[in-house]
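For reference, coords.cif (mmCIF, C-alpha atoms and all ligand atoms):
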```cif
data_work
#
loop_
_atom_site.label_atom_id
_atom_site.label_comp_id
_atom_site.auth_asym_id
_atom_site.auth_seq_id
_atom_site.Cartn_x
_atom_site.Cartn_y
_atom_site.Cartn_z
CA MET A 673 2.85 60.64 -6.57
CA LYS A 674 4.36 58.88 -9.57
CA ARG A 675 7.54 58.28 -7.66
CA GLY A 676 5.57 56.81 -4.76
CA LEU A 677 3.80 54.44 -7.08
CA PHE A 678 7.10 53.45 -8.70
CA LEU A 679 8.59 52.79 -5.26
CA SER A 680 5.73 50.58 -4.13
CA ILE A 681 5.89 48.58 -7.36
CA ALA A 682 9.63 48.16 -6.88
CA VAL A 683 9.15 47.03 -3.27
CA ALA A 684 6.37 44.63 -4.27
CA ALA A 685 8.53 43.19 -7.05
CA GLY A 686 11.40 42.79 -4.58
CA VAL A 687 9.18 40.95 -2.10
CA PHE A 688 7.82 38.76 -4.89
CA MET A 689 11.32 37.86 -6.09
CA THR A 690 12.53 37.03 -2.59
CA VAL A 691 9.52 34.80 -1.98
CA THR A 692 9.95 33.08 -5.35
CA LEU A 693 13.66 32.52 -4.74
CA ALA A 694 12.98 31.09 -1.30
CA GLN A 695 10.41 28.77 -2.82
CA ALA A 696 12.80 27.72 -5.55
CA LYS A 697 15.24 26.77 -2.80
CA THR A 698 13.08 24.14 -1.13
CA GLN A 699 10.17 22.18 -2.53
CA PHE A 700 7.93 20.62 0.05
CA VAL A 701 6.16 17.36 -0.63
CA THR A 702 3.84 15.41 1.65
CA ILE A 703 3.43 11.64 1.79
CA GLY A 704 0.00 10.43 2.89
CA THR A 705 0.21 7.31 5.08
CA GLY A 706 -2.30 5.72 7.48
CA GLY A 707 -2.95 5.50 11.20
CA ILE A 708 0.06 5.82 13.48
CA THR A 709 -0.23 2.23 14.75
CA GLY A 710 0.02 0.86 11.18
CA VAL A 711 3.06 0.34 8.97
CA TYR A 712 2.31 3.08 6.39
CA TYR A 713 3.09 5.82 8.88
CA PRO A 714 6.63 4.58 9.68
CA THR A 715 7.02 3.75 5.95
CA GLY A 716 6.30 7.35 4.99
CA GLY A 717 8.81 8.33 7.66
CA ALA A 718 11.43 5.94 6.28
CA ILE A 719 11.05 7.27 2.72
CA ALA A 720 11.14 10.89 3.93
CA LYS A 721 14.24 10.14 5.99
CA MET A 722 16.14 8.81 2.97
CA VAL A 723 15.42 11.82 0.76
CA ASN A 724 15.68 14.48 3.47
CA LYS A 725 19.31 13.54 4.06
CA LYS A 726 20.00 15.15 0.70
CA LYS A 727 17.69 18.08 1.35
CA LYS A 728 20.21 20.67 0.17
CA GLU A 729 21.29 18.77 -2.91
CA TYR A 730 17.74 18.25 -4.17
CA GLY A 731 16.10 21.33 -2.66
CA LEU A 732 13.42 18.98 -1.48
CA ARG A 733 11.85 18.32 1.87
CA ALA A 734 9.41 15.46 2.41
CA THR A 735 6.97 15.39 5.31
CA VAL A 736 4.55 12.69 6.39
CA GLU A 737 0.86 12.91 7.16
CA SER A 738 -1.24 10.39 9.09
CA THR A 739 -4.44 9.73 7.09
CA GLY A 740 -7.45 7.40 6.85
CA GLY A 741 -5.52 5.02 4.52
CA SER A 742 -5.33 3.87 0.89
CA VAL A 743 -8.59 5.18 -0.52
CA PHE A 744 -8.14 8.55 1.16
CA ASN A 745 -4.56 8.71 -0.16
CA VAL A 746 -5.49 7.98 -3.78
CA ASN A 747 -8.14 10.70 -3.68
CA ALA A 748 -5.85 13.22 -1.97
CA VAL A 749 -3.06 12.60 -4.51
CA MET A 750 -5.57 12.95 -7.35
CA ASN A 751 -6.93 16.27 -6.10
CA GLY A 752 -3.46 17.67 -5.37
CA ASP A 753 -3.74 17.78 -1.56
CA LEU A 754 -0.85 15.31 -1.27
CA GLU A 755 2.05 14.65 -3.66
CA PHE A 756 2.54 11.01 -2.63
CA GLY A 757 0.49 8.33 -0.93
CA VAL A 758 1.04 4.82 0.35
CA VAL A 759 -1.70 2.70 -1.18
CA GLN A 760 -2.59 -1.01 -1.25
CA SER A 761 -1.79 -2.62 -4.62
CA ASP A 762 -5.43 -3.76 -4.95
CA ARG A 763 -6.74 -0.23 -4.38
CA GLN A 764 -4.20 1.10 -6.91
CA TYR A 765 -5.66 -1.32 -9.46
CA GLN A 766 -9.27 -0.44 -8.62
CA ALA A 767 -8.52 3.30 -8.86
CA MET A 768 -6.84 2.87 -12.26
CA GLU A 769 -9.76 0.84 -13.55
CA GLY A 770 -12.49 2.97 -11.99
CA LEU A 771 -13.89 0.12 -9.89
CA ALA A 772 -15.02 -0.33 -6.27
CA GLU A 773 -14.61 3.03 -4.48
CA TRP A 774 -14.00 4.72 -7.88
CA LYS A 775 -17.02 3.31 -9.66
CA GLU A 776 -18.77 6.67 -9.76
CA LYS A 777 -15.71 8.86 -10.34
CA GLY A 778 -14.30 6.59 -13.05
CA PRO A 779 -10.68 5.65 -13.82
CA GLN A 780 -8.09 7.79 -12.06
CA LYS A 781 -6.02 8.38 -15.17
CA ASP A 782 -3.48 10.72 -13.55
CA LEU A 783 -2.43 8.13 -10.98
CA ARG A 784 1.22 7.04 -11.28
CA ALA A 785 3.13 4.25 -9.54
CA VAL A 786 6.53 4.80 -7.94
CA PHE A 787 7.40 1.45 -6.28
CA SER A 788 6.01 -1.36 -4.14
CA ILE A 789 7.02 -1.78 -0.53
CA HIS A 790 6.17 -4.43 2.10
CA PRO A 791 3.57 -7.21 1.89
CA GLU A 792 0.35 -6.64 3.82
CA SER A 793 -2.07 -9.27 5.09
CA VAL A 794 -5.80 -8.92 5.46
CA THR A 795 -5.70 -9.47 9.20
CA LEU A 796 -8.72 -10.43 11.23
CA ALA A 797 -8.49 -10.49 15.02
CA ALA A 798 -11.28 -11.43 17.41
CA ALA A 799 -11.84 -11.68 21.13
CA VAL A 800 -11.45 -15.30 22.25
CA ASP A 801 -14.82 -15.00 24.06
CA ALA A 802 -16.50 -14.37 20.67
CA GLY A 803 -15.71 -18.01 19.87
CA ALA A 804 -14.50 -17.46 16.31
CA LYS A 805 -11.58 -19.35 14.79
CA ASP A 806 -12.49 -18.83 11.15
CA ILE A 807 -14.20 -15.92 9.38
CA ARG A 808 -17.36 -18.04 8.97
CA ASP A 809 -17.79 -18.10 12.75
CA LEU A 810 -18.38 -14.35 12.79
CA LYS A 811 -21.98 -14.49 11.59
CA GLY A 812 -24.12 -12.34 13.86
CA LYS A 813 -21.09 -10.72 15.51
CA ARG A 814 -20.12 -7.07 15.70
CA VAL A 815 -17.18 -6.60 13.36
CA ASN A 816 -15.22 -3.48 12.43
CA LEU A 817 -14.66 -3.47 8.66
CA GLY A 818 -12.70 -0.21 8.71
CA ASN A 819 -13.33 3.46 7.97
CA PRO A 820 -14.42 4.37 4.42
CA GLY A 821 -11.00 5.87 3.49
CA SER A 822 -9.17 2.70 4.44
CA GLY A 823 -7.96 -0.12 2.23
CA GLN A 824 -9.19 -2.87 4.55
CA ARG A 825 -12.85 -1.95 4.26
CA GLN A 826 -13.26 -3.41 0.76
CA ASN A 827 -10.99 -6.37 1.66
CA ALA A 828 -13.30 -7.19 4.57
CA ILE A 829 -16.38 -6.93 2.34
CA ASP A 830 -14.71 -9.15 -0.30
CA ALA A 831 -13.73 -11.75 2.31
CA PHE A 832 -17.18 -11.97 3.90
CA THR A 833 -18.87 -12.07 0.50
CA ALA A 834 -16.53 -14.87 -0.63
CA VAL A 835 -17.61 -17.10 2.27
CA GLY A 836 -21.31 -16.35 1.78
CA ILE A 837 -21.74 -13.83 4.60
CA ASP A 838 -23.54 -10.63 3.60
CA PRO A 839 -21.69 -7.85 5.44
CA GLU A 840 -24.84 -5.72 5.39
CA LYS A 841 -27.18 -8.32 6.86
CA ASP A 842 -25.33 -11.18 8.49
CA ILE A 843 -23.03 -9.22 10.81
CA ILE A 844 -23.21 -5.92 12.68
CA ALA A 845 -20.71 -3.88 10.70
CA GLU A 846 -18.73 -0.96 12.11
CA GLY A 847 -16.72 1.63 10.17
CA ILE A 848 -14.10 2.74 12.68
CA LYS A 849 -10.45 3.63 12.04
CA ALA A 850 -7.92 0.85 12.67
CA SER A 851 -6.09 3.00 15.19
CA GLU A 852 -9.19 2.95 17.42
CA ALA A 853 -10.17 -0.68 16.87
CA PRO A 854 -7.87 -2.34 19.47
CA GLY A 855 -9.23 -0.05 22.19
CA ILE A 856 -12.88 -0.72 21.38
CA LEU A 857 -12.18 -4.46 21.12
CA GLN A 858 -10.65 -4.36 24.58
CA ASP A 859 -13.66 -2.36 25.85
CA GLY A 860 -16.01 -5.08 24.62
CA ARG A 861 -17.70 -2.80 22.08
CA ILE A 862 -16.81 -5.03 19.08
CA ASP A 863 -16.08 -8.75 18.71
CA ALA A 864 -13.53 -8.53 15.90
CA PHE A 865 -11.83 -6.18 13.51
CA PHE A 866 -10.09 -6.20 10.14
CA TYR A 867 -6.86 -4.40 9.32
CA THR A 868 -4.90 -4.90 6.12
CA VAL A 869 -1.40 -4.19 7.35
CA GLY A 870 2.24 -5.29 7.36
CA HIS A 871 3.57 -7.21 10.35
CA PRO A 872 4.52 -6.52 13.02
CA SER A 873 2.22 -3.55 13.58
CA GLY A 874 1.52 -1.48 16.68
CA ALA A 875 -2.22 -2.01 16.22
CA PHE A 876 -2.03 -5.79 16.73
CA LYS A 877 0.54 -5.49 19.51
CA GLU A 878 -2.00 -3.31 21.28
CA ALA A 879 -4.95 -5.57 20.45
CA THR A 880 -3.22 -8.73 21.69
CA SER A 881 -1.76 -7.39 24.91
CA GLY A 882 -4.88 -6.28 26.77
CA ALA A 883 -6.94 -8.01 29.47
CA ARG A 884 -9.46 -9.39 26.95
CA LYS A 885 -7.78 -12.31 25.21
CA VAL A 886 -7.51 -11.96 21.45
CA ARG A 887 -6.71 -14.37 18.64
CA PHE A 888 -6.13 -14.08 14.92
CA VAL A 889 -8.94 -15.61 12.89
CA SER A 890 -8.28 -17.54 9.68
CA ILE A 891 -9.76 -16.50 6.35
CA THR A 892 -10.06 -19.71 4.34
CA GLY A 893 -12.32 -21.09 1.63
CA ILE A 894 -11.56 -18.10 -0.57
CA ASP A 895 -10.03 -19.79 -3.63
CA ASP A 896 -12.68 -18.30 -5.91
CA LEU A 897 -11.89 -14.85 -4.56
CA LEU A 898 -8.19 -15.34 -5.30
CA LYS A 899 -9.03 -16.45 -8.82
CA LYS A 900 -11.40 -13.56 -9.41
CA PHE A 901 -8.98 -10.87 -8.17
CA PRO A 902 -5.42 -11.66 -9.26
CA TYR A 903 -4.02 -8.91 -7.02
CA TYR A 904 -4.96 -10.97 -3.98
CA ALA A 905 -2.54 -13.73 -2.94
CA LYS A 906 -2.48 -16.26 -0.09
CA SER A 907 -0.54 -15.22 2.98
CA VAL A 908 -0.21 -15.99 6.69
CA ILE A 909 -0.17 -13.99 9.90
CA PRO A 910 3.17 -14.69 11.62
CA VAL A 911 1.77 -15.13 15.12
CA ALA A 912 5.20 -15.33 16.76
CA MET A 913 5.41 -11.58 16.26
CA TYR A 914 2.59 -11.17 18.78
CA PRO A 915 3.37 -13.14 21.95
CA GLY A 916 0.00 -12.15 23.48
CA ALA A 917 -2.06 -13.64 20.63
CA GLN A 918 -3.99 -16.80 21.55
CA ASN A 919 -2.81 -18.80 18.51
CA ASP A 920 -0.21 -21.52 18.33
CA ALA A 921 0.26 -21.69 14.56
CA ASP A 922 0.48 -19.13 11.77
CA VAL A 923 -2.96 -18.11 10.57
CA PRO A 924 -3.92 -18.42 6.88
CA THR A 925 -5.39 -15.42 5.09
CA PHE A 926 -4.74 -13.40 1.92
CA GLY A 927 -2.82 -10.27 1.21
CA VAL A 928 -1.67 -7.44 -1.03
CA LYS A 929 1.30 -5.12 -1.22
CA ALA A 930 1.84 -1.61 0.01
CA THR A 931 2.82 0.67 -2.89
CA LEU A 932 3.88 4.29 -3.27
CA VAL A 933 1.83 6.34 -5.73
CA THR A 934 1.91 9.88 -7.04
CA SER A 935 0.27 12.01 -9.70
CA VAL A 936 1.30 12.67 -13.29
CA LYS A 937 1.43 16.33 -12.17
CA VAL A 938 4.29 15.82 -9.70
CA PRO A 939 7.58 16.90 -11.36
CA ASP A 940 9.98 14.22 -12.63
CA ASP A 941 12.94 15.49 -10.57
CA VAL A 942 10.97 15.12 -7.32
CA VAL A 943 9.91 11.52 -8.06
CA TYR A 944 13.41 10.73 -9.33
CA ALA A 945 15.03 11.98 -6.10
CA ILE A 946 12.75 9.91 -3.87
CA THR A 947 13.18 6.76 -5.97
CA LYS A 948 16.95 7.13 -6.19
CA GLU A 949 17.47 7.73 -2.48
CA VAL A 950 15.37 4.71 -1.45
CA PHE A 951 17.01 2.35 -4.00
CA ASP A 952 20.58 3.64 -3.67
CA ASN A 953 20.37 3.25 0.11
CA PHE A 954 18.34 0.05 -0.01
CA GLU A 955 20.15 -1.82 2.80
CA GLU A 956 19.76 1.12 5.12
CA PHE A 957 16.11 1.56 4.12
CA LYS A 958 15.37 -2.13 4.80
CA LYS A 959 16.56 -1.76 8.38
CA LEU A 960 13.96 0.90 9.13
CA HIS A 961 11.07 -1.54 9.73
CA PRO A 962 10.91 -5.31 10.37
CA ALA A 963 8.07 -5.59 7.79
CA TYR A 964 10.72 -4.89 5.09
CA SER A 965 12.80 -7.97 5.98
CA THR A 966 11.92 -9.88 2.78
CA LEU A 967 12.12 -6.89 0.42
CA THR A 968 14.19 -7.05 -2.74
CA LYS A 969 14.69 -4.30 -5.30
CA GLU A 970 13.08 -6.47 -7.98
CA ALA A 971 10.02 -7.16 -5.83
CA MET A 972 9.62 -3.41 -5.40
CA LEU A 973 8.74 -3.23 -9.09
CA ASP A 974 5.91 -5.79 -8.80
CA GLY A 975 2.29 -5.08 -7.99
CA LEU A 976 2.12 -1.77 -9.85
CA SER A 977 -0.94 -1.33 -12.04
CA ALA A 978 -0.73 2.41 -12.67
CA PRO A 979 1.87 3.51 -15.26
CA ILE A 980 5.27 4.11 -13.66
CA HIS A 981 5.96 7.83 -13.19
CA PRO A 982 8.64 9.03 -15.66
CA GLY A 983 10.81 10.32 -12.79
CA ALA A 984 10.91 6.82 -11.25
CA MET A 985 11.36 5.21 -14.68
CA LYS A 986 14.42 7.39 -15.33
CA TYR A 987 16.03 5.92 -12.20
CA TYR A 988 15.04 2.31 -12.99
CA LYS A 989 16.62 2.61 -16.44
CA GLU A 990 19.80 4.18 -15.08
CA ALA A 991 20.06 1.45 -12.45
CA GLY A 992 19.41 -1.31 -15.00
CA LEU A 993 16.26 -2.44 -13.16
CA MET A 994 14.10 -1.81 -16.24
CA LYS A 995 14.69 -1.56 -19.94
N1 LIG B 1001 -3.62 -0.96 4.40
C1 LIG B 1001 -4.21 0.07 5.21
C2 LIG B 1001 -5.01 0.99 4.34
O1 LIG B 1001 -4.83 1.00 3.16
C3 LIG B 1001 -3.18 0.87 5.99
C4 LIG B 1001 -2.16 0.03 6.67
C5 LIG B 1001 -1.08 0.79 7.40
O2 LIG B 1001 -1.28 1.96 7.73
O3 LIG B 1001 -0.02 0.21 7.59
O4 LIG B 1001 -5.83 1.74 4.77
#
```
structure tokens encoding of this file:
Amino acid sequence: MKRGLFLSIAVAAGVFMTVTLAQAKTQFVTIGTGGITGVYYPTGGAIAKMVNKKKKEYGLRATVESTGGSVFNVNAVMNGDLEFGVVQSDRQYQAMEGLAEWKEKGPQKDLRAVFSIHPESVTLAAAVDAGAKDIRDLKGKRVNLGNPGSGQRQNAIDAFTAVGIDPEKDIIAEGIKASEAPGILQDGRIDAFFYTVGHPSGAFKEATSGARKVRFVSITGIDDLLKKFPYYAKSVIPVAMYPGAQNDADVPTFGVKATLVTSVKVPDDVVYAITKEVFDNFEEFKKLHPAYSTLTKEAMLDGLSAPIHPGAMKYYKEAGLMK
């Protein structure tokens, strides 16, 4: 009897050790992104690709998950469901300060910044038959602001509010995911939709190449908004990237930056490995998406409002990018 018990304990211990050793071999981390027709999804893929090349050296494997966007990603990183998330710089700021979507939950103190990535524009596209050239022309129209987990939803609300349109009363607001918006625009079920995204993106290629003619709509008259929220900056939609779009000049709007965030709870060596592989192989990384064409290493350290994670900081100091 005693011997039997001893044997089962020994076997259980053996199984436990084997499992622990196997786990020690490879750490899995997941990067939360956005819809598959956005730029976050390929961005997560690009970051994972860089670090997975050195899988054996680091004992690390990164995978990518398609999600509802920035707000979802912050919350998932904070509750430990994801180790990393791609997040708009403005949402990173709001989460740190406990504003907007985090007003009730309060400041997300465990949020940590890793680096910034491509610029994103608050992009508004409408069916030509809706007759809108500027955001002000959308009064009374059916407009998709974005799903609640997305970054664009609050950008759309801010933009409408800035031009004196109450998104709750003056338009018919929808809350659909950006990946579904081009299809419902083509079906005639909405007049316009917002998507805060890098360019070019699959979503706007899809939206501008259907039978229903589509144009980008300018967002102007927002100087007060830009003053009030310093994380917003003027930008333009490069319409040449979308040959089907019914515009003949670049369209003015405002924008933010995509950033990579993590939690204070994610180990330094994991964050270090990801940072090092992206920065050490910067030229190769830049080739992975046309939205990265203007990226510089220095610009990748701008737009971060959360404290920089110590694992990333270790690399920036080693590389002489920070003191
Ligand atoms: N900016 C969008 C968001 O935060 C996602 C854009 C993308 O997936 O490229 O929800």
If you take all atoms listed in the file and a cut-off of 8 Å, which residues of chain A touch ligand LIG 1001 (chain B), and what are their nearest atom pairs and distances in Å to one decimal, in chain and number order, as JSON lines?
```
{"residue": "A:Thr705", "atom": "CA", "partner": "B:LIG1001", "partner_atom": "O2", "distance": 6.2}
{"residue": "A:Gly706", "atom": "CA", "partner": "B:LIG1001", "partner_atom": "O2", "distance": 3.9}
{"residue": "A:Gly707", "atom": "CA", "partner": "B:LIG1001", "partner_atom": "O2", "distance": 5.2}
{"residue": "A:Ile708", "atom": "CA", "partner": "B:LIG1001", "partner_atom": "O2", "distance": 7.1}
{"residue": "A:Thr709", "atom": "CA", "partner": "B:LIG1001", "partner_atom": "O2", "distance": 7.1}
{"residue": "A:Gly710", "atom": "CA", "partner": "B:LIG1001", "partner_atom": "O3", "distance": 3.6}
{"residue": "A:Val711", "atom": "CA", "partner": "B:LIG1001", "partner_atom": "O3", "distance": 3.4}
{"residue": "A:Tyr712", "atom": "CA", "partner": "B:LIG1001", "partner_atom": "O3", "distance": 3.9}
{"residue": "A:Tyr713", "atom": "CA", "partner": "B:LIG1001", "partner_atom": "O2", "distance": 5.9}
{"residue": "A:Gly740", "atom": "CA", "partner": "B:LIG1001", "partner_atom": "O4", "distance": 6.2}
{"residue": "A:Gly741", "atom": "CA", "partner": "B:LIG1001", "partner_atom": "O4", "distance": 3.3}
{"residue": "A:Ser742", "atom": "CA", "partner": "B:LIG1001", "partner_atom": "O1", "distance": 3.7}
{"residue": "A:Val743", "atom": "CA", "partner": "B:LIG1001", "partner_atom": "O1", "distance": 6.7}
{"residue": "A:Val758", "atom": "CA", "partner": "B:LIG1001", "partner_atom": "O1", "distance": 7.5}
{"residue": "A:Val759", "atom": "CA", "partner": "B:LIG1001", "partner_atom": "O1", "distance": 5.6}
{"residue": "A:Gln760", "atom": "CA", "partner": "B:LIG1001", "partner_atom": "O1", "distance": 5.3}
{"residue": "A:Arg763", "atom": "CA", "partner": "B:LIG1001", "partner_atom": "O1", "distance": 7.9}
{"residue": "A:Glu792", "atom": "CA", "partner": "B:LIG1001", "partner_atom": "N1", "distance": 7.0}
{"residue": "A:Gly821", "atom": "CA", "partner": "B:LIG1001", "partner_atom": "O4", "distance": 6.7}
{"residue": "A:Ser822", "atom": "CA", "partner": "B:LIG1001", "partner_atom": "O4", "distance": 3.5}
{"residue": "A:Gly823", "atom": "CA", "partner": "B:LIG1001", "partner_atom": "O1", "distance": 3.5}
{"residue": "A:Gln824", "atom": "CA", "partner": "B:LIG1001", "partner_atom": "C2", "distance": 5.7}
{"residue": "A:Arg825", "atom": "CA", "partner": "B:LIG1001", "partner_atom": "O4", "distance": 7.9}
{"residue": "A:Tyr867", "atom": "CA", "partner": "B:LIG1001", "partner_atom": "C1", "distance": 6.6}
{"residue": "A:Thr868", "atom": "CA", "partner": "B:LIG1001", "partner_atom": "N1", "distance": 4.5}
{"residue": "A:Val869", "atom": "CA", "partner": "B:LIG1001", "partner_atom": "C4", "distance": 4.3}
{"residue": "A:Gly870", "atom": "CA", "partner": "B:LIG1001", "partner_atom": "O3", "distance": 6.0}
{"residue": "A:Ser873", "atom": "CA", "partner": "B:LIG1001", "partner_atom": "O3", "distance": 7.4}
{"residue": "A:Ala930", "atom": "CA", "partner": "B:LIG1001", "partner_atom": "N1", "distance": 7.0}
```
- line: Correct to one decimal, the distance atom CA of Gln766 of chain A-atom CA of Pro779 of chain A is 8.1 Å
task: Compare A:Leu732, A:Met722, A:Ala802, A:Ala797 by their minimum atom-to-atom distance to Glu878 of chain A, counting only C-alpha atoms, and give me the closest one.
output: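 For Glu878 of chain A, the nearest of the candidates is A:Ala797.
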task: Select, from A:Thr892, A:Tyr730, A:Gly855, A:Lys721, the residue with the minimum atom-to-atom distance to Thr698 of chain A, counting only C-alpha atoms.
output: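 Among the listed residues, the smallest separation from Thr698 of chain A belongs to A:Tyr730.
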- request: Please indicate the distance in Å from atom CA of Lys906 of chain A to atom CA of Asn827 of chain A, rounded to one decimal place.
  value: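 So the two atoms, atom CA of Lys906 of chain A and atom CA of Asn827 of chain A, lie 13.2 Å apart.
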task: Compare A:Pro820, A:Gly992, A:Gly716, A:Pro791 by their minimum atom-to-atom distance to Ile909 of chain A, counting all atoms listed in the file, and give me the closest one.
output: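 Going through A:Pro820, A:Gly992, A:Gly716, A:Pro791 one by one, the smallest distance to Ile909 of chain A is for A:Pro791.
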Nearest to Val933 of chain A by atom-to-atom distance, counting all atoms listed in the file, from A:Pro854, A:Gly717, A:Gly770, A:Pro979: A:Pro979
query: Which distance in Å separates atom CA of Asp842 of chain A and atom CA of Arg808 of chain A, to one decimal?
result: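 Answer for the atom CA of Asp842 of chain A to atom CA of Arg808 of chain A separation: 10.5 Å.
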Write out as a PDB file with C-alpha atoms, keeping the file's coordinate frame which residues come within 10 Å of Asp940 of chain A when counting only C-alpha atoms, dropping same-chain ones fewer than 4 positions away.
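Output (around23.pdb):
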```pdb
ATOM      1  CA  VAL A 936       1.300  12.670 -13.290  1.00  0.00           C
ATOM      2  CA  TYR A 944      13.410  10.730  -9.330  1.00  0.00           C
ATOM      3  CA  ALA A 945      15.030  11.980  -6.100  1.00  0.00           C
ATOM      4  CA  HIS A 981       5.960   7.830 -13.190  1.00  0.00           C
ATOM      5  CA  PRO A 982       8.640   9.030 -15.660  1.00  0.00           C
ATOM      6  CA  GLY A 983      10.810  10.320 -12.790  1.00  0.00           C
ATOM      7  CA  ALA A 984      10.910   6.820 -11.250  1.00  0.00           C
ATOM      8  CA  MET A 985      11.360   5.210 -14.680  1.00  0.00           C
ATOM      9  CA  LYS A 986      14.420   7.390 -15.330  1.00  0.00           C
TER      10      LYS A 986
END
```
